[in-house]
Each structure stands twice: as C-alpha cells, then as structure tokens.
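Student: First, the structure itself, so that you have it in front of you.
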Amino acid sequence: MKLAEVLHPEDCTLTSDGQAMLNKAQREGIETVWDRYTAQSPHCIFCETGLSCRICMMGPCRINPKKPDEKRGVCGADAHIIVARNFLRTIAAGAASHSDHGRELVEILKAVGEGRAPGYRIREPEKLKNLAAEYGIDTAGQDDLSIAPTLAEAMEEDFGTSRKSIRLINRAPEKRLELWDKLGIIPRGIDRETCESLHRTHMGVDNDWLSLLTHGLRNALADGWGGSLIGTELSDVLFGIPRPKSSEVNLAVLKEDQVNIVLHGHNPLVSEMIVQAAKSPELQKLATEQGAKGINLVGVCCTGNELLMRRGIPMAGNHLMTELVLVTGAVEALVVDYQCIMPSLGTIAQCYHTRMYSTSDKARFPNAVAFEMTPETALEKARQLVKEAVMNYPNRQPDKVSIPGRPVKQMTGFSVESLLEGLGGSLDPLLDAIKSGKIRGAIGIVGCNNPRIKHDAAHRTIIQHLIANDILVLDTGCVSVATAKAGLKTLDAIQQAGPGLKEICTAVGIPPVLHMGSCVDNSRILVLVSAIANALGTDISDLPVAAAAPEWYSEKAVTIGFYAVASGITTFLGPMPPITGSDKVAAAATKGLEDIVGACFIVEENPEKAANLMVKHIEKKRGGLGLDSRQ
Ligand code: BF8
Ligand code: SF4
C-alpha cells in the first residue's frame, strides 16, 4: 500500500494551508516528514526509553528489563547509568548548538570593532555599553567600535576555562545563585561544561546517575544563562532591540508575482545581510526586468523569528511547514544557515525550480549549493545570492504553483526592553496585575513541532485554555507560528481571554500571547522572570510561572527545558524524553528535582489534561505566595 493512501492530511496538521500543501505533495508524489515518520514507526523501544548505548565498540548494547542476563551492557553499565549518560549527551548537544550560535555573534562583534565586517554595525550603543559594564569594562571615553572587541574578548572568556563562573548568571536572583552555589552547579565556562559532559559520558568515567544528572543541570545553565543569552544580547546589539510591530503569517505570505526568498535556520547573521541586499534598487530593478513585481522575503523557523521580531518580515511557517513551503512551487531560493533544517529539503527543491543554498561551512545539505558566508564576505555574497534568486524567477513553472489561503495578521516584537517601555518604564503594572489576580500568572510556551503529534494542535488547544483562564502566554520558536496562525497574536484575540487578562491587555494594547522571539530568546524569559523575582524579593521557583514544550522534538528543546527547571521554572513536556528506562532518572526528572531546585518536568501529551495541570500549577504557586488562589 502506498503511504499516501494511509496518511490523511487533516490527521497530520491542524492548519488549512498545511493540509492543502500536503494534498498537493501527495498528488505530485513528494515524500514528506509524515511519510517518513510513518515508515519509521513503530520506533525502537530501547531507544525510546533510553536503554540503548553505542558509546563504545564493546557494544552497542541494550538493556532488556525483561531478561535477567541483559540487565547490563558489556562494560557493566546498568539501565540508570545508560539512561543518564544518554540524557546528558542530549543536553550537551543542545547546549553546544545554542552556544556555537552565540559564539558566532561574539566573533562578528569583534570583527565589527576591528572594521572587518562590512554590512554589520552597532545598532544599539546603549545596550553595548550596559553589557560592557556588566563585564566590568570601563567604557569612559571609548567609542562603540573600541568597546566592541573588548566586550567580545570578555565574552570569549565565558566560553573558556579561565573563569569560576559565567558572567551573565549574575542576573539571576540572589536566592537562586546561593542555591546553585550550594549544589555546585554554577557553570564555569560554556564550552567547558559541554566538554565535561562528553568526558563524563565516555566509558568508565562518571557512573553515578545522579551525578550525571546534576552535571546536566550545570551544562543546561551554561546554555540558558551563557550561550543563548549572549546570542540574544549580541543579536540585539548588532541588529536592534525588537519593538512591537505588526506583520503576517502562513503560506499566503509568499507572493505569486514576486521573487520569493525563504530564509531558514537560526542565526540572523546571514539573513540580516540578505535583507539588506534585497533592498538594493539595482536588484529590485533586475527583478522587474525578469517580470516580477518585487523581491519578497519570508522566514521560517527561528531565523524567521529573528527577522519577524526586528524587521516585521512575515513568517511562512514553522518546523513541519518547511517542506510544504517548497511544495507551493513559488520559491526561487531557500537560504539556510543551521539547525532544524531537514536534509530532505534540497531533494524537494529539485522537484520545482527552487534552488537551495547553504551558507555555513559547518552545515552542508544534499542537493544544495554551498554558498559560504563569512563576516568579511557576507554582504557581497548576499547580493550575489539575491541576484541568483531573481534570475531564477523566469524558471518558475506556473502550472506547479499554488499558494493557499490568505495571510493572517500578527503582532510581534516583545523584548524585555519593549515590554518595560510599554508598561511605562517599570514592572509595577504587571506585578500589580499579578497580585490583584487579574493576571493569574504567565507561562512561556516554547519549542517545536513533531510528527508524533498533530501539527500545531497541542499548541493551539493549550494556549486557548490558558488565556481563557487569565494566564498570560509568552511564546518563542515554532509554537509562535502556531499561535499567530490561530489569530492569537492580534488585539481581536483579547476577546478569547478571561475577564482579568482581557482588562489588562485592552488597557496596555497588547494581545494575550506575546511573541518573545526565537529559541535562543528563551533567555529573554529568564531575564524577565528574574527581574520579577527580584522585584518581589523572592526566588523564581516561588513565582506563578511555568514553561511548556507541548510538541518538542529537538535536543535543544531538552536543554532549554532543563535550564528552565534548573532556574526554578516547572516545565511541562508533551512527548516523554527517552528516560523511562531508568525509574530513578525518570523519577528524579519528573519529581525529585522539585526538592532540589524547586521545579521539575511534568510530562503530559494530552493537551487538555496538560492545560488543566498548568492552570493548577499557577494557582498553587499563587497560594504559596499568599495571593488569592482558585484551588
Ligand atoms: O530553535 S522550536 S523546531 S526551529 S528547536 Fe527547531 Fe524547535 Fe523550531 Fe528553532 Ni527551537
Ligand atoms: Fe555497551 Fe558499555 Fe560500551 Fe555502552 S559503554 S556500548 S553499555 S560496553
């Protein structure tokens, strides 16, 4: 039987544009992530529970709990050691991804200061100076360009081994810092903790599941308060602090009569240069000469989130829409940097006239043109790339083009700075709303899509339930596309909020779901909750807040979840991480950590049940703070 006969688009995705394109893909014989997911199912139960190990070549091994002689790997590792080692490696991979991204921003900052990066500049001198002050750099009498390399070097030390603690962790509340100090989990260096994770998990090093898990907390903190936070802060310095603006979302942001360039990946370094290049009158004229009405840039995934937050560039879709964007047949160029870019995309591009370009030497893809950009060459290369896209427009095959639906409006651009500005310069109005119970609390809904779960369905169900219960939602990453497509980022959506949240959103003029950016921008949420905890003189774990990743798939999402937990934020997960093979590791992650760091994972795949648990959690935290509680 052909897969298309068993896969029904309406079971795969909640979104109508996604369903339309999945139908088209099936008609045109194009394989998608859902076909491959079905082909791969059922998944290996040993891997799903974390019980397989391929760390060394005495193995690979797997633990079969049902067979007494298969309770240990060849080296003697039991289920708890194997599960904890695998889990720590996942955290290390997520931390490495975010932090390597952050490091590239440090490198650009240095290159800008040294005059080696044409096209880039310091857009937020004030933020640059504030950061320099946090790093103890004396900026008196120095101009921006001389501060930049000094700050970059100080940040480079955060990645290395020469510090006792990464610098920006000092933004955490005093009580949290004391706790981390007591537990010995203050990250010393971003790369150091990740490197140590790989060392500890080599055969014959750390064979204590709790010790492995504890280092996981430290490694995750190095990401959240280190690599990710540096990534966010420097993106703001170089490209601007996001401020509220309106834009649009869904596949209909592609234009039938324009050159469409889709920007995919995570690091704004490349996409920002494409944005600059596409403005060139020369290239616009070239587009007209090729019969197009202009050059249309759209984003997907987190590079898209970065551009949306700062430039209002519309979003074509999230993770599970990335293949379907190409199925429209209307894309001249797909430009990618790194992370979450399916290796299938180049093959799908070849079914149309679309050309896929990879821009990082560390992220190559099948059937993509390698078009490496460096700080020195990025602007010039971006111009060449946009030109190639324009010249590809006449190759479009009109009979293969179909752009479904209509664009949906959305508001975006809620950085901590812009929120504060919107509140009149102080957190007090927000704190008052929480204290009075008009806003019961806030939940950061973050993360991915996963073909295990109907695309965008869990996100939408949970968030509608939360806002109806007067809980303010902050979102980042791929979930933010789901909420925007559902119209939840408009002022009209205020009508779906409970009475208290409705009153506050109306007064401030904000939607009940606030877009805070990409996945590295979850660090913005850390900074915000720390500021709230400091203002209330308490710890993050006491606040009526939570995090949730209802449709997560990636290693980065695990790391984010774990740094949230380590920071005292209870985190609700949809899919269960691969830890159930060890009752000890699973119990610690989903319960025991509560007694150690004041938060843990709560796993619930059913969105209605998960939403109810979140509401209960918020009310319980309110009670703990002596605020009125609806429990
Ligand atoms: O960093 S939400 S699918 S695109 S991992 Fe990836 Fe997940 Fe999307 Fe962004 Ni985050
Ligand atoms: Fe097997 Fe141990 Fe090697 Fe893992 S580290 S593959 S359990 S022998």
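Labels for the structure tokens follow display order: chains A, B, ..., residues from 1 in each chain, ligands from 1.
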Ligand 1: which residues are within 9 Å, counting only C-alpha atoms and all ligand atoms, as a PyMOL selection string?

Tutor: chain A and resi 94+98+264-266+300-305+318-320+339-341+446-450+476-480+518-520+549+551-557

Student: Within 12 Å of ligand 2, counting only C-alpha atoms and all ligand atoms: which residues, as a PyMOL selection string?

Tutor: chain A and resi 50-63+70-86+200-207

Student: Between A:Val249, A:Leu528, A:Arg192, A:Lys489, which has the minimum distance to Glu157 (chain A) (counting only C-alpha atoms)?

Tutor: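 Ranking A:Val249, A:Leu528, A:Arg192, A:Lys489 by distance to Glu157 (chain A), first place goes to A:Arg192.
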
Student: Would you mind listing what lies within 9 Å of Ser418 (chain A) as a list in words, with only C-alpha atoms counted and same-chain residues fewer than 6 positions away left out?

Tutor: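 Here the qualifying residues turn out to be Ile241, Pro242, Arg243 and Pro244 of chain A.
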
Student: Skipping near chain neighbours, those fewer than 6 positions away, what residues fall within 6 Å of region 5-22 of chain A using only C-alpha atoms, listed as a PDB file with N, CA, C and O atoms, in the first residue's frame?

Tutor:
```pdb
ATOM      1  N   LEU A 324       6.675  21.930   3.141  1.00  0.00           N
ATOM      2  CA  LEU A 324       5.460  22.330   2.426  1.00  0.00           C
ATOM      3  C   LEU A 324       5.587  23.721   1.804  1.00  0.00           C
ATOM      4  O   LEU A 324       4.909  24.033   0.829  1.00  0.00           O
ATOM      5  N   PRO A 404      -1.768  28.622  -0.998  1.00  0.00           N
ATOM      6  CA  PRO A 404      -3.105  28.514  -0.406  1.00  0.00           C
ATOM      7  C   PRO A 404      -3.421  29.629   0.589  1.00  0.00           C
ATOM      8  O   PRO A 404      -2.527  30.207   1.198  1.00  0.00           O
ATOM      9  N   LYS A 454      -0.242  15.790  16.134  1.00  0.00           N
ATOM     10  CA  LYS A 454      -0.863  16.549  15.045  1.00  0.00           C
ATOM     11  C   LYS A 454      -0.321  17.983  15.060  1.00  0.00           C
ATOM     12  O   LYS A 454      -0.429  18.677  16.072  1.00  0.00           O
ATOM     13  N   HIS A 455       0.235  18.372  13.930  1.00  0.00           N
ATOM     14  CA  HIS A 455       0.943  19.644  13.805  1.00  0.00           C
ATOM     15  C   HIS A 455       0.121  20.832  14.326  1.00  0.00           C
ATOM     16  O   HIS A 455      -1.002  21.042  13.873  1.00  0.00           O
ATOM     17  N   ALA A 457      -1.637  21.322  16.821  1.00  0.00           N
ATOM     18  CA  ALA A 457      -2.902  21.110  17.542  1.00  0.00           C
ATOM     19  C   ALA A 457      -2.725  21.277  19.047  1.00  0.00           C
ATOM     20  O   ALA A 457      -3.532  21.928  19.714  1.00  0.00           O
TER      21      ALA A 457
END
```

Student: Using only C-alpha atoms, which residue out of A:Val408, A:Leu128, A:Ala382, A:Leu297 lies closest to Leu151 (chain A)?

Tutor: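 Ranked by minimum distance to Leu151 (chain A), first place goes to A:Leu128.
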
Student: Name all residues at most 9 Å from Ala368 (chain A) (count only C-alpha atoms; drop same-chain ones fewer than 4 positions away) and give them as a ChimeraX atom specification.

Tutor: /A:345-347,349,355-358,364

Student: Go through A:Glu380, A:Asp492, A:Glu421, A:Glu332 one by one, measure the shortest atom-to-atom distance of each to Gln397 (chain A) using only C-alpha atoms, and give the residue with the smallest value.

Tutor: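 The shortest atom-to-atom distance to Gln397 (chain A) comes from A:Glu332.
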
Student: Please run DSSP on the backbone and report, as a list in words, all residues within region 257-363 of chain A that come out as strand (DSSP E).

Tutor: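 DSSP on the backbone gives strand (DSSP E) at Val259, Asn260, Ile261, Val262, Leu263, His264, Ile295, Asn296, Leu297, Val298, Gly299, Val300, Met315, Ala316, Gly317, Ala333, Leu334, Val335, Val336, Arg355, Met356, Tyr357 and Ser358 of chain A.
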
Student: Choose the residue, out of A:Leu183, A:Leu238, A:Val275, A:Ile91, that has the smallest atom-to-atom separation from Arg123 (chain A); count only C-alpha atoms.

Tutor: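 Closest candidate: A:Leu238.
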
Student: Please provide as a VMD selection string all residues within 7 Å of Ala363 (chain A), with the sequence filter that same-chain residues fewer than 3 positions apart are discarded (counting only C-alpha atoms).

Tutor: chain A and resid 337 to 338 358 360

Student: Any chance you could export the current selection's all heavy atoms as a PDB file, in the first residue's frame?

Tutor:
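Resulting contents of selection-v6.pdb:
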```pdb
ATOM      1  N   ASP A 337      20.911  28.642   7.177  1.00  0.00           N
ATOM      2  CA  ASP A 337      22.171  28.661   7.927  1.00  0.00           C
ATOM      3  C   ASP A 337      22.312  27.329   8.641  1.00  0.00           C
ATOM      4  O   ASP A 337      22.775  26.371   8.023  1.00  0.00           O
ATOM      5  CB  ASP A 337      22.305  29.906   8.824  1.00  0.00           C
ATOM      6  CG  ASP A 337      21.107  30.192   9.714  1.00  0.00           C
ATOM      7  OD1 ASP A 337      21.069  29.679  10.829  1.00  0.00           O
ATOM      8  OD2 ASP A 337      20.199  30.942   9.282  1.00  0.00           O
ATOM      9  N   TYR A 338      21.829  27.210   9.886  1.00  0.00           N
ATOM     10  CA  TYR A 338      21.937  25.888  10.517  1.00  0.00           C
ATOM     11  C   TYR A 338      20.836  25.614  11.529  1.00  0.00           C
ATOM     12  O   TYR A 338      20.131  26.514  11.941  1.00  0.00           O
ATOM     13  CB  TYR A 338      23.313  25.668  11.154  1.00  0.00           C
ATOM     14  CG  TYR A 338      23.907  26.843  11.927  1.00  0.00           C
ATOM     15  CD1 TYR A 338      23.243  27.448  12.985  1.00  0.00           C
ATOM     16  CD2 TYR A 338      25.171  27.325  11.584  1.00  0.00           C
ATOM     17  CE1 TYR A 338      23.812  28.493  13.684  1.00  0.00           C
ATOM     18  CE2 TYR A 338      25.749  28.379  12.284  1.00  0.00           C
ATOM     19  CZ  TYR A 338      25.058  28.959  13.336  1.00  0.00           C
ATOM     20  OH  TYR A 338      25.619  29.995  14.027  1.00  0.00           O
ATOM     21  N   SER A 358      23.176  26.633   1.035  1.00  0.00           N
ATOM     22  CA  SER A 358      23.666  26.564   2.419  1.00  0.00           C
ATOM     23  C   SER A 358      24.715  27.659   2.573  1.00  0.00           C
ATOM     24  O   SER A 358      25.463  27.948   1.636  1.00  0.00           O
ATOM     25  CB  SER A 358      24.259  25.193   2.723  1.00  0.00           C
ATOM     26  OG  SER A 358      25.417  24.978   1.948  1.00  0.00           O
ATOM     27  N   SER A 360      26.642  28.171   5.715  1.00  0.00           N
ATOM     28  CA  SER A 360      27.643  27.968   6.762  1.00  0.00           C
ATOM     29  C   SER A 360      28.501  26.769   6.399  1.00  0.00           C
ATOM     30  O   SER A 360      27.978  25.729   5.985  1.00  0.00           O
ATOM     31  CB  SER A 360      26.942  27.710   8.099  1.00  0.00           C
ATOM     32  OG  SER A 360      27.875  27.219   9.036  1.00  0.00           O
TER      33      SER A 360
END
```

Student: Can you tell me which residues surround Val259 (chain A) at a distance of at most 9 Å, considering only C-alpha atoms, apart from same-chain residues fewer than 5 positions away, and format the answer as a list in words?

Tutor: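 Once the adjacent positions are removed, what remains is Leu254, Ala287, Ala292, Lys293, Gly294, Ile295, Asn296, Leu297, Ala330, Val331, Glu332, Ala333, Ala389, Val390, Asn392 and Tyr393 of chain A.
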
Student: Convert the current residue selection to file output with N, CA and C atoms, as a PDB file, in the first residue's frame.

Tutor:
```pdb
ATOM      1  N   LEU A 254       3.795  34.207   0.825  1.00  0.00           N
ATOM      2  CA  LEU A 254       4.514  34.082  -0.455  1.00  0.00           C
ATOM      3  C   LEU A 254       3.689  34.830  -1.505  1.00  0.00           C
ATOM      4  N   ALA A 287      14.721  42.570 -10.750  1.00  0.00           N
ATOM      5  CA  ALA A 287      13.531  41.732 -10.542  1.00  0.00           C
ATOM      6  C   ALA A 287      12.425  42.153 -11.511  1.00  0.00           C
ATOM      7  N   ALA A 292       9.031  40.213 -12.489  1.00  0.00           N
ATOM      8  CA  ALA A 292       8.450  40.128 -11.143  1.00  0.00           C
ATOM      9  C   ALA A 292       8.092  41.521 -10.641  1.00  0.00           C
ATOM     10  N   LYS A 293       7.157  41.586  -9.662  1.00  0.00           N
ATOM     11  CA  LYS A 293       6.771  42.901  -9.126  1.00  0.00           C
ATOM     12  C   LYS A 293       7.669  43.334  -7.972  1.00  0.00           C
ATOM     13  N   GLY A 294       8.600  42.473  -7.587  1.00  0.00           N
ATOM     14  CA  GLY A 294       9.498  42.844  -6.490  1.00  0.00           C
ATOM     15  C   GLY A 294      10.159  41.612  -5.893  1.00  0.00           C
ATOM     16  N   ILE A 295      10.878  41.839  -4.797  1.00  0.00           N
ATOM     17  CA  ILE A 295      11.562  40.743  -4.104  1.00  0.00           C
ATOM     18  C   ILE A 295      10.880  40.579  -2.746  1.00  0.00           C
ATOM     19  N   ASN A 296      10.402  39.391  -2.477  1.00  0.00           N
ATOM     20  CA  ASN A 296       9.629  39.139  -1.259  1.00  0.00           C
ATOM     21  C   ASN A 296      10.406  38.182  -0.353  1.00  0.00           C
ATOM     22  N   LEU A 297      10.781  38.682   0.831  1.00  0.00           N
ATOM     23  CA  LEU A 297      11.492  37.825   1.780  1.00  0.00           C
ATOM     24  C   LEU A 297      10.507  37.300   2.810  1.00  0.00           C
ATOM     25  N   ALA A 330       6.476  28.098  -5.505  1.00  0.00           N
ATOM     26  CA  ALA A 330       6.619  29.540  -5.716  1.00  0.00           C
ATOM     27  C   ALA A 330       7.895  30.100  -5.096  1.00  0.00           C
ATOM     28  N   VAL A 331       8.839  29.229  -4.752  1.00  0.00           N
ATOM     29  CA  VAL A 331      10.046  29.703  -4.056  1.00  0.00           C
ATOM     30  C   VAL A 331      11.239  29.693  -5.022  1.00  0.00           C
ATOM     31  N   GLU A 332      11.840  30.860  -5.189  1.00  0.00           N
ATOM     32  CA  GLU A 332      13.011  30.945  -6.071  1.00  0.00           C
ATOM     33  C   GLU A 332      14.262  30.476  -5.350  1.00  0.00           C
ATOM     34  N   ALA A 333      14.395  30.847  -4.067  1.00  0.00           N
ATOM     35  CA  ALA A 333      15.603  30.463  -3.323  1.00  0.00           C
ATOM     36  C   ALA A 333      15.236  30.138  -1.885  1.00  0.00           C
ATOM     37  N   ALA A 389      18.656  34.446  -7.122  1.00  0.00           N
ATOM     38  CA  ALA A 389      17.235  34.158  -6.890  1.00  0.00           C
ATOM     39  C   ALA A 389      16.377  34.908  -7.916  1.00  0.00           C
ATOM     40  N   VAL A 390      16.735  36.173  -8.139  1.00  0.00           N
ATOM     41  CA  VAL A 390      15.970  36.981  -9.099  1.00  0.00           C
ATOM     42  C   VAL A 390      16.051  36.352 -10.497  1.00  0.00           C
ATOM     43  N   ASN A 392      16.354  33.418 -11.204  1.00  0.00           N
ATOM     44  CA  ASN A 392      15.649  32.127 -11.229  1.00  0.00           C
ATOM     45  C   ASN A 392      14.142  32.298 -11.435  1.00  0.00           C
ATOM     46  N   TYR A 393      13.654  33.533 -11.278  1.00  0.00           N
ATOM     47  CA  TYR A 393      12.194  33.770 -11.350  1.00  0.00           C
ATOM     48  C   TYR A 393      11.585  33.296 -12.680  1.00  0.00           C
TER      49      TYR A 393
END
```

Student: Measure the distance from CA of Ser41 (chain A) to CA of Ile453 (chain A) in Å and round it to one decimal.

Tutor: 13.3 Å

Student: Between CA of Val336 (chain A) and CA of Pro149 (chain A), what is the distance, to one decimal in Å?

Tutor: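 Answer for the CA of Val336 (chain A) to CA of Pro149 (chain A) separation: 27.7 Å.
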
Student: In terms of the shortest atom-to-atom distance over only C-alpha atoms, which of A:Pro268, A:Gly102, A:Pro173, A:Pro343 is closest to Glu233 (chain A)?

Tutor: A:Gly102

Student: Could you tell me how far CA of Glu28 (chain A) sits from CA of Gly329 (chain A), in Å to one decimal place?

Tutor: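 Separation of CA of Gly329 (chain A) and CA of Glu28 (chain A): 11.2 Å.
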
Student: Pick the closest to Ile471 (chain A) from A:Val527, A:Ala458, A:Met614, A:Met309: which is it, counting only C-alpha atoms?

Tutor: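 Among the listed residues, the smallest separation from Ile471 (chain A) belongs to A:Met614.
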